[in-house]
Each structure stands twice: as C-alpha cells, then as structure tokens.
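Visitor: Below are the structure tokens for one structure; questions will follow.
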Amino acid sequence: MSILEVSGISKHFGQTEVLNSIDFTLEKGQALAIIGPSGSGKTTLLRCLTYLETPDSGKISVNGEVIFDADDPSQLSEEKKRLNRLHFGLVFQSFNLFPQYTALQNVTLAGELLAKERPDYKQNKKEILADIRRNAEDILASVGLSDRLGSYPHQLSGGQQQRVAIARALALKPDILCFDEPTSALDPELTGEVLKVIRGLAERNTTMVIVTHEMQFARDVADNILFMADGVVVEYGPPEEVFGNPKEDRTKQFLERYSS
Amino acid sequence: MLVTVTLTLLKGFGTTCAIFIITLVCSLPLGLIIAFGAMSRFKPLKWLIKTVVWIIRGTPLMLQVIIVFYGPGLIFGWDALERMTAVLIAFVINYSCYFSEIFRGGIEGIPRGQYEAGQVLGMTKRQIFFKIILLQVVKRIVPPMSNEIITLVKDTSLARIIAVREIIKEAETYIAVKSLIWPLFYAGAFYLVFCGLLTLLFGWIEKRLSYFV
C-alpha cells in the first residue's frame, strides 16, 4: 500500500484552474520531486496536502486512511484537520520561523503543546519535556546546528534558518515531509548546505515530496519525478526517464530551457 | 503660596490621572475587541465598526465630550450625567477607536506564513494567537501605542470644557483670582514629568522586546 495516494485533486482560484485532476502515489521511504514552470500549481498542490488550501474535488489518503475527500464534508472539522495535518511536515520557501523563539524553542514548541494533550502529561511532565528537548537537540545536531541552539532566527543565515525549519518539521516525526522550494529564497552559496541536509534525509529513506527548481538535485535525490505544467501532471517517472528520455514535448521544452 | 498652589495642583492632577488611568484600562481591551470586529468576515459588523471608527476619529474629542455631556438631556430629556462620567465615556469611546486601529495594523502586519507554520505544526487557533502572534503584535505596536498614550496624557485637559476640575482648570483659577501666571507653568511641569516617565517606560519595554526582529 502506498503511503500517500492523491487522486483527482482539482483547485481553482476564481476563474483560474490551478490544479486539474492531479493523481499520484508515493511509496514509503521514497522521495518525489515535483518540477515545472512557475505558476504550474506545484506549491498549491503541496498546500492542498497540508490543508492550507481546500481542494474543490479529489481524494487524499495516507496509509490507506482517507484524510480528505471533497465529496464527504464531514471530514473537514477543524480539530480533525489539525490532527490529520500531523501526517505531513511542511518546510516553507520563506522558512517562517517564529522570531521570538530560539532555534531550539522553534523546534520544541509544537511538540510541547501537543504533549499537553497526552493523558499522562501531568504525571510525567518532566520526562516528557526532557524527551522533547533531547529529541530537538539531536535533530538540530543532525542538521549541523548544535552550536546554534540558543540563537534567534535573525541571528542566523538564511541557510541556517532553513535548516532549523527542517528540524522543526522533523521533530514531529511526520509520515511525509514536504518541501516547498526550500532553496528559492537563498543565495546560491547557502543553497548547498540546505540541499545537503535534504540529501542526507533521502539517504536515510525519509518519505518526501520536494517542490524544487534545482534540476540536478531533483535528478540525484528523487526516486520519481513529477513534471507539472498548467495544473496537470504532464509526465511522471524515475529521473532517468523524465530527464534522460522525456516523452512529452512540454517536458522537453521545459528541460531544454534549464540545460541551456 | 507655593505650598497652597502645589496642593491645589496635586488635587487637579489626581483628576487628570484618574481620567488617564481609567481611559487606558477600559480602552485597551475594548480597542482589541473593536479591532477583531473590524477584521471580522461578517461584512455588516465590519462596516458598522468601520463607520463608527470613522466618525469618532473624524471629529474632535472636545465635540464628543460636549455631546456626551449635554446630548442625553437635550435630545432625550434624560437627567444629565455626572461630569466625570461623561468625560470618561467620551474618552473611552474615542481612545478605543484609536487603539483598535493600532491593534488592527499590528495584527494584520504579521505575515500569513506565521499562522501557516503554526497550523502545519498542529497548533490550535488559540495556541497560534497566544504563543506565536501576540508577542509579535505587541512588539510592533509599542511605538504607535506610546505615541497615542502620551497624547492621552495631554488630551485629559479637554475635560475642563465641561468644567471638570483637572490640573489646568485648577491652575487657571490663579489667573482669575490672583493674577498669577506661574501656576500654569507649574502645571505644565506636571505634564512634562509624567510624559517623561512614560517615555522612559516605553523605551524600556521596547528594549526588552529588542531580542527578536
């Protein structure tokens, strides 16, 4: 069973059809890179997965459990959405760290708030909080930031901020980690350090959906490539196929512009 | 003489402070509620509040004080309000509207990504507001708030228009009765010291919040 199944997702803003019946599946431990020209709906697709947008039609299932079905409005209670979201982690293009918290606090905050919902929270408060903190420190160390635990976001470079944001998403142990153009807001110099972290995650078989403009990176890291244009899936397949031997003209056209 | 004047002015200053503090304590929460109303997705409420804020901000506070004091009697034939009550009602309404605009600006200025980051991390709306948004709003509104609050200190003198004996009214009697001008300067010194202390307080708050950007 696929960890993520997306079928028939459509979304329009006003008159504009942003997504037109998108289907794809993702297997556990695999990385899917979504590429395509700006305005093709890549970001909107990620936002639909995380309930930041509500699709007009279609169905999303995680581990076989339907988490969104446009035909069944009962799924959409705020509380249910909030808990379903935790299947996904999302790393934003613009980091969106909380400025008033240190790197460590950014990573622990959500976990601490969620822990309050545990029935044994009052009894084991100390151990639970210590666990969350230790987990956060470990994750920050794994993205190379053990020496910046106490730094506030404004004291960090863009690359460091994005690595904190990745750590923050990882701390909640999502089933699927989504990246929305994680390096588009970074200088070329800082892009590398973030890509390195994502590469490391791929090597450890983290299930990921990565929207990116970094073609070489997508080719190296992803198990499958999904090429989108004008709200539809134009081509889907392993990187060797999509990059090496694209079947559709639209894909060829797009890739030529990148390689030139 | 100095002692008598000091005592009289202190009495007036007590009234000044009462207007200041009561207005502040009531208008801050009321302003926040009005701000939420002005940002409401329920259009009629939003437009009602926008109209009220426009009227209150678009007319002089002095006019509002006079209308609140004389209006109920002359329009509806009701008993006149206590002078101080009338002043407080007019001030609280007026300052709530000004504060609401400051709150609204502060809240709307927070990037949407902050809410979205909280949502994606499984936080509730309450948690997002109190744990993420609020402190950022406070930081943003300290400078405009301090401006408005210092204006309030000096606006309290408008109460004299319906004969509330605040500090300037008290000082002025010395012109009429004793032909003395210096009590007015003395009254001015009270304002200066008061505003000076507030400036220091707000400077301290700004500094306390300067650890993040």
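Just remember, in the structure tokens the first chain shown is A, the second B, etc., residues are 1-based per chain, and ligands are 1-based in the order shown.
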Give me, as a count of residues only, the contact residues of chain A against chain B at a cut-off of 6 Å, counting only C-alpha atoms.
Guide: 5
Visitor: Near region 97-106 of chain B, within 7 Å and counting only C-alpha atoms, which residues show up once chain neighbours fewer than 6 positions away are dropped, as a list in words?
Guide: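 That gives Leu28, Gly31, Leu32, Ile34, Ala35, Val53, Ile56, Val137, Arg140, Ile141 and Pro144 of chain B.
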Visitor: If we count only C-alpha atoms and set the cut-off at 12 Å, which residues sit around region 156-161 of chain B, ignoring sequence neighbours fewer than 6 positions away in its own chain? Please answer as a ChimeraX atom specification.
Guide: /B:12-24,60-70,83-92,95,149-150,167-173,187-188,191
Visitor: Quick one: residues within 12 Å of Ser146 (chain A), only C-alpha atoms, excluding same-chain residues fewer than 6 positions away - as a list in words?
Guide: Ala103, Leu104, Arg134, Ala136, Glu137, Asp138, Ile139, Leu140, Gln160, Arg163, Val164 and Ala167 of chain A
Visitor: Suppose we keep N, CA, C and O atoms; can you now write the selection as a PDB file, in the first residue's frame?
Guide:
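File selection.pdb, as written:
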ATOM      1  N   ALA A 103      16.381  28.908  18.177  1.00  0.00           N
ATOM      2  CA  ALA A 103      16.359  27.759  17.272  1.00  0.00           C
ATOM      3  C   ALA A 103      15.780  26.546  18.005  1.00  0.00           C
ATOM      4  O   ALA A 103      14.879  25.871  17.500  1.00  0.00           O
ATOM      5  N   LEU A 104      16.286  26.301  19.221  1.00  0.00           N
ATOM      6  CA  LEU A 104      15.814  25.138  19.980  1.00  0.00           C
ATOM      7  C   LEU A 104      14.322  25.256  20.300  1.00  0.00           C
ATOM      8  O   LEU A 104      13.558  24.301  20.122  1.00  0.00           O
ATOM      9  N   ARG A 134      15.566  16.686  24.235  1.00  0.00           N
ATOM     10  CA  ARG A 134      16.677  15.853  23.780  1.00  0.00           C
ATOM     11  C   ARG A 134      16.508  15.534  22.284  1.00  0.00           C
ATOM     12  O   ARG A 134      17.449  15.624  21.513  1.00  0.00           O
ATOM     13  N   ALA A 136      14.910  17.306  20.103  1.00  0.00           N
ATOM     14  CA  ALA A 136      15.161  18.524  19.326  1.00  0.00           C
ATOM     15  C   ALA A 136      16.652  18.777  19.183  1.00  0.00           C
ATOM     16  O   ALA A 136      17.146  19.127  18.103  1.00  0.00           O
ATOM     17  N   GLU A 137      17.383  18.568  20.274  1.00  0.00           N
ATOM     18  CA  GLU A 137      18.835  18.782  20.218  1.00  0.00           C
ATOM     19  C   GLU A 137      19.483  17.816  19.239  1.00  0.00           C
ATOM     20  O   GLU A 137      20.374  18.196  18.469  1.00  0.00           O
ATOM     21  N   ASP A 138      19.014  16.572  19.269  1.00  0.00           N
ATOM     22  CA  ASP A 138      19.567  15.568  18.350  1.00  0.00           C
ATOM     23  C   ASP A 138      19.312  15.968  16.904  1.00  0.00           C
ATOM     24  O   ASP A 138      20.199  15.869  16.050  1.00  0.00           O
ATOM     25  N   ILE A 139      18.078  16.393  16.642  1.00  0.00           N
ATOM     26  CA  ILE A 139      17.735  16.730  15.257  1.00  0.00           C
ATOM     27  C   ILE A 139      18.527  17.958  14.795  1.00  0.00           C
ATOM     28  O   ILE A 139      19.057  17.990  13.686  1.00  0.00           O
ATOM     29  N   LEU A 140      18.628  18.949  15.682  1.00  0.00           N
ATOM     30  CA  LEU A 140      19.399  20.137  15.312  1.00  0.00           C
ATOM     31  C   LEU A 140      20.867  19.767  15.069  1.00  0.00           C
ATOM     32  O   LEU A 140      21.513  20.312  14.177  1.00  0.00           O
ATOM     33  N   GLN A 160      20.965  28.592   7.539  1.00  0.00           N
ATOM     34  CA  GLN A 160      20.786  28.055   8.895  1.00  0.00           C
ATOM     35  C   GLN A 160      19.310  28.098   9.308  1.00  0.00           C
ATOM     36  O   GLN A 160      18.797  27.164   9.914  1.00  0.00           O
ATOM     37  N   ARG A 163      17.535  25.312   7.803  1.00  0.00           N
ATOM     38  CA  ARG A 163      17.851  24.035   8.448  1.00  0.00           C
ATOM     39  C   ARG A 163      17.101  23.901   9.769  1.00  0.00           C
ATOM     40  O   ARG A 163      16.673  22.811  10.146  1.00  0.00           O
ATOM     41  N   VAL A 164      16.934  25.022  10.489  1.00  0.00           N
ATOM     42  CA  VAL A 164      16.111  24.981  11.710  1.00  0.00           C
ATOM     43  C   VAL A 164      14.680  24.611  11.336  1.00  0.00           C
ATOM     44  O   VAL A 164      14.028  23.792  11.993  1.00  0.00           O
ATOM     45  N   ALA A 167      14.445  21.023  10.793  1.00  0.00           N
ATOM     46  CA  ALA A 167      14.480  20.340  12.093  1.00  0.00           C
ATOM     47  C   ALA A 167      13.126  20.454  12.785  1.00  0.00           C
ATOM     48  O   ALA A 167      12.636  19.493  13.390  1.00  0.00           O
TER      49      ALA A 167
END
Visitor: Just the number, please: distance in Å from CA of Gln93 (chain A) to CA of Ala185 (chain A), one decimal.
Guide: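 Going from CA of Gln93 (chain A) over to CA of Ala185 (chain A), I get 6.3 Å.
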Visitor: Extract the full set of alpha helix (DSSP H) residues from region 35-198 of chain A according to DSSP on the backbone, and format it as a ChimeraX atom specification.
Guide: /A:42-49,78-85,103-115,125-142,158-171,188-198
Visitor: Could you work out how far CA of Asp23 (chain A) lies from CA of Asn245 (chain A), giving the answer in Å with one decimal?
Guide: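 Separating CA of Asn245 (chain A) from CA of Asp23 (chain A) is a distance of 21.6 Å.
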Visitor: Please provide the set of residues having any atom within 8 Å of Leu90 (chain A), restricted to only C-alpha atoms, with same-chain residues fewer than 6 positions apart removed, written as a count of residues only.
Guide: 7
Visitor: What is the CA of Asp131 (chain A) to CA of Thr102 (chain A) distance in Å?
Guide: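 It comes out at 17.9 Å.
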